[in-house]
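Some notes on the structure that comes next.
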Amino acid sequence: MRHDDGPEILRNLLAEETTRNSPVILLLERFAPRVRRNFDEPGVVGLIWKPFHAMDLPRQVAMLLGWRP
(Lines give C-alpha, C1' and ligand atoms only; values in the text may rest on other atoms or scores of the structure.)
Protein backbone atom coordinates (compact mmCIF):
# COMPACT_ATOMS: atom_id res chain seq x y z
CA MET A 1 0.00 0.00 0.00
CA ARG A 2 1.32 3.44 -0.92
CA HIS A 3 1.25 6.27 1.62
CA ASP A 4 1.74 9.70 0.08
CA ASP A 5 2.69 12.62 2.27
CA GLY A 6 0.69 15.86 2.42
CA PRO A 7 2.76 17.86 -0.08
CA GLU A 8 2.61 15.01 -2.59
CA ILE A 9 -1.16 14.64 -2.20
CA LEU A 10 -1.55 18.40 -2.68
CA ARG A 11 0.60 18.31 -5.84
CA ASN A 12 -1.57 15.47 -7.19
CA LEU A 13 -4.78 17.38 -6.45
CA LEU A 14 -3.46 20.50 -8.18
CA ALA A 15 -2.29 18.47 -11.18
CA GLU A 16 -5.70 16.92 -11.86
CA GLU A 17 -8.17 18.95 -13.90
CA THR A 18 -11.12 17.69 -11.84
CA THR A 19 -9.64 18.76 -8.49
CA ARG A 20 -7.28 21.66 -9.24
CA ASN A 21 -9.93 24.31 -8.44
CA SER A 22 -11.23 22.60 -5.30
CA PRO A 23 -10.44 24.32 -2.01
CA VAL A 24 -8.13 22.29 0.21
CA ILE A 25 -8.14 22.31 4.01
CA LEU A 26 -5.29 20.41 5.59
CA LEU A 27 -5.40 18.65 8.96
CA LEU A 28 -1.91 18.69 10.39
CA GLU A 29 -0.41 16.97 13.41
CA ARG A 30 1.79 19.70 14.79
CA PHE A 31 2.92 23.21 14.05
CA ALA A 32 6.33 23.85 12.63
CA PRO A 33 7.24 26.79 10.37
CA ARG A 34 8.93 24.31 8.01
CA VAL A 35 5.65 22.40 7.65
CA ARG A 36 3.63 25.59 7.05
CA ARG A 37 5.90 26.70 4.20
CA ASN A 38 5.25 23.39 2.46
CA PHE A 39 1.56 24.30 2.18
CA ASP A 40 1.78 27.88 0.92
CA GLU A 41 0.28 26.69 -2.34
CA PRO A 42 -2.64 27.75 -4.51
CA GLY A 43 -5.80 25.99 -3.45
CA VAL A 44 -4.91 25.65 0.24
CA VAL A 45 -7.53 27.75 2.01
CA GLY A 46 -6.53 26.84 5.52
CA LEU A 47 -4.99 24.56 8.08
CA ILE A 48 -6.56 22.84 11.06
CA TRP A 49 -4.14 21.60 13.67
CA LYS A 50 -4.51 18.34 15.52
CA PRO A 51 -5.74 17.69 18.06
CA PHE A 52 -9.03 19.33 17.19
CA HIS A 53 -12.48 18.89 18.63
CA ALA A 54 -14.76 16.98 16.26
CA MET A 55 -17.74 19.10 17.28
CA ASP A 56 -15.85 22.26 16.23
CA LEU A 57 -14.74 20.89 12.87
CA PRO A 58 -17.85 21.89 10.84
CA ARG A 59 -17.61 25.46 12.16
CA GLN A 60 -13.88 25.63 11.38
CA VAL A 61 -14.38 24.31 7.85
CA ALA A 62 -17.26 26.74 7.21
CA MET A 63 -15.14 29.63 8.45
CA LEU A 64 -12.17 28.69 6.24
CA LEU A 65 -14.44 28.36 3.20
CA GLY A 66 -16.15 31.67 3.94
CA TRP A 67 -19.55 30.08 4.45
CA ARG A 68 -22.04 31.87 6.67
CA PRO A 69 -23.85 29.92 9.38
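Residue numbers start at 1 in each chain; chains themselves are named A, B, ... in the order of the C-alpha coordinates; ligands are numbered from 1 in the order shown.
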
For this session: List the neighbours of segment 10-25 of chain A out to 9 Å using only C-alpha atoms; skip same-chain residues closer than 3 positions along the sequence, and give me the result as a PyMOL selection string.
Result: chain A and resi 5-7+39+41-48+61+64-65

Next, dump the selected residues to file, keeping only N, CA and C atoms, as a PDB file, in the first residue's frame.
```
ATOM      1  N   ASP A   5       2.681  11.601   1.229  1.00  0.00           N
ATOM      2  CA  ASP A   5       2.688  12.625   2.268  1.00  0.00           C
ATOM      3  C   ASP A   5       1.824  13.802   1.801  1.00  0.00           C
ATOM      4  N   GLY A   6       1.571  14.727   2.714  1.00  0.00           N
ATOM      5  CA  GLY A   6       0.693  15.856   2.415  1.00  0.00           C
ATOM      6  C   GLY A   6       1.099  16.655   1.197  1.00  0.00           C
ATOM      7  N   PRO A   7       2.367  17.080   1.101  1.00  0.00           N
ATOM      8  CA  PRO A   7       2.761  17.856  -0.078  1.00  0.00           C
ATOM      9  C   PRO A   7       2.568  17.090  -1.393  1.00  0.00           C
ATOM     10  N   PHE A  39       2.954  24.238   2.604  1.00  0.00           N
ATOM     11  CA  PHE A  39       1.560  24.303   2.179  1.00  0.00           C
ATOM     12  C   PHE A  39       1.138  25.690   1.742  1.00  0.00           C
ATOM     13  N   GLU A  41       0.538  27.042  -0.944  1.00  0.00           N
ATOM     14  CA  GLU A  41       0.282  26.685  -2.336  1.00  0.00           C
ATOM     15  C   GLU A  41      -1.098  27.182  -2.748  1.00  0.00           C
ATOM     16  N   PRO A  42      -1.293  27.414  -4.037  1.00  0.00           N
ATOM     17  CA  PRO A  42      -2.635  27.755  -4.506  1.00  0.00           C
ATOM     18  C   PRO A  42      -3.603  26.631  -4.134  1.00  0.00           C
ATOM     19  N   GLY A  43      -4.794  26.999  -3.771  1.00  0.00           N
ATOM     20  CA  GLY A  43      -5.803  25.992  -3.450  1.00  0.00           C
ATOM     21  C   GLY A  43      -5.910  25.683  -1.979  1.00  0.00           C
ATOM     22  N   VAL A  44      -4.851  25.916  -1.199  1.00  0.00           N
ATOM     23  CA  VAL A  44      -4.915  25.655   0.237  1.00  0.00           C
ATOM     24  C   VAL A  44      -5.578  26.866   0.889  1.00  0.00           C
ATOM     25  N   VAL A  45      -6.790  26.652   1.399  1.00  0.00           N
ATOM     26  CA  VAL A  45      -7.532  27.755   2.006  1.00  0.00           C
ATOM     27  C   VAL A  45      -7.322  27.826   3.507  1.00  0.00           C
ATOM     28  N   GLY A  46      -6.778  26.775   4.096  1.00  0.00           N
ATOM     29  CA  GLY A  46      -6.529  26.839   5.519  1.00  0.00           C
ATOM     30  C   GLY A  46      -5.966  25.559   6.090  1.00  0.00           C
ATOM     31  N   LEU A  47      -5.559  25.685   7.340  1.00  0.00           N
ATOM     32  CA  LEU A  47      -4.993  24.561   8.078  1.00  0.00           C
ATOM     33  C   LEU A  47      -5.764  24.395   9.372  1.00  0.00           C
ATOM     34  N   ILE A  48      -5.982  23.164   9.761  1.00  0.00           N
ATOM     35  CA  ILE A  48      -6.558  22.838  11.060  1.00  0.00           C
ATOM     36  C   ILE A  48      -5.561  21.924  11.744  1.00  0.00           C
ATOM     37  N   VAL A  61     -14.375  24.476   9.309  1.00  0.00           N
ATOM     38  CA  VAL A  61     -14.384  24.311   7.848  1.00  0.00           C
ATOM     39  C   VAL A  61     -15.216  25.418   7.202  1.00  0.00           C
ATOM     40  N   LEU A  64     -13.261  28.661   7.223  1.00  0.00           N
ATOM     41  CA  LEU A  64     -12.175  28.686   6.241  1.00  0.00           C
ATOM     42  C   LEU A  64     -12.691  28.825   4.804  1.00  0.00           C
ATOM     43  N   LEU A  65     -13.868  28.279   4.540  1.00  0.00           N
ATOM     44  CA  LEU A  65     -14.443  28.358   3.203  1.00  0.00           C
ATOM     45  C   LEU A  65     -15.256  29.635   2.985  1.00  0.00           C
TER      46      LEU A  65
END
```

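For the atom pair formed by atom CA of Trp67 of chain A and atom CA of Ala54 of chain A, the distance is 18.3 Å, given to one decimal.
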
Exercise. Which distance in Å separates atom CA of His53 of chain A and atom CA of Ile9 of chain A, to one decimal?
Worked result: 24.1 Å

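Note that the spacing between atom CA of Glu29 of chain A and atom CA of Ala62 of chain A amounts to 20.4 Å.
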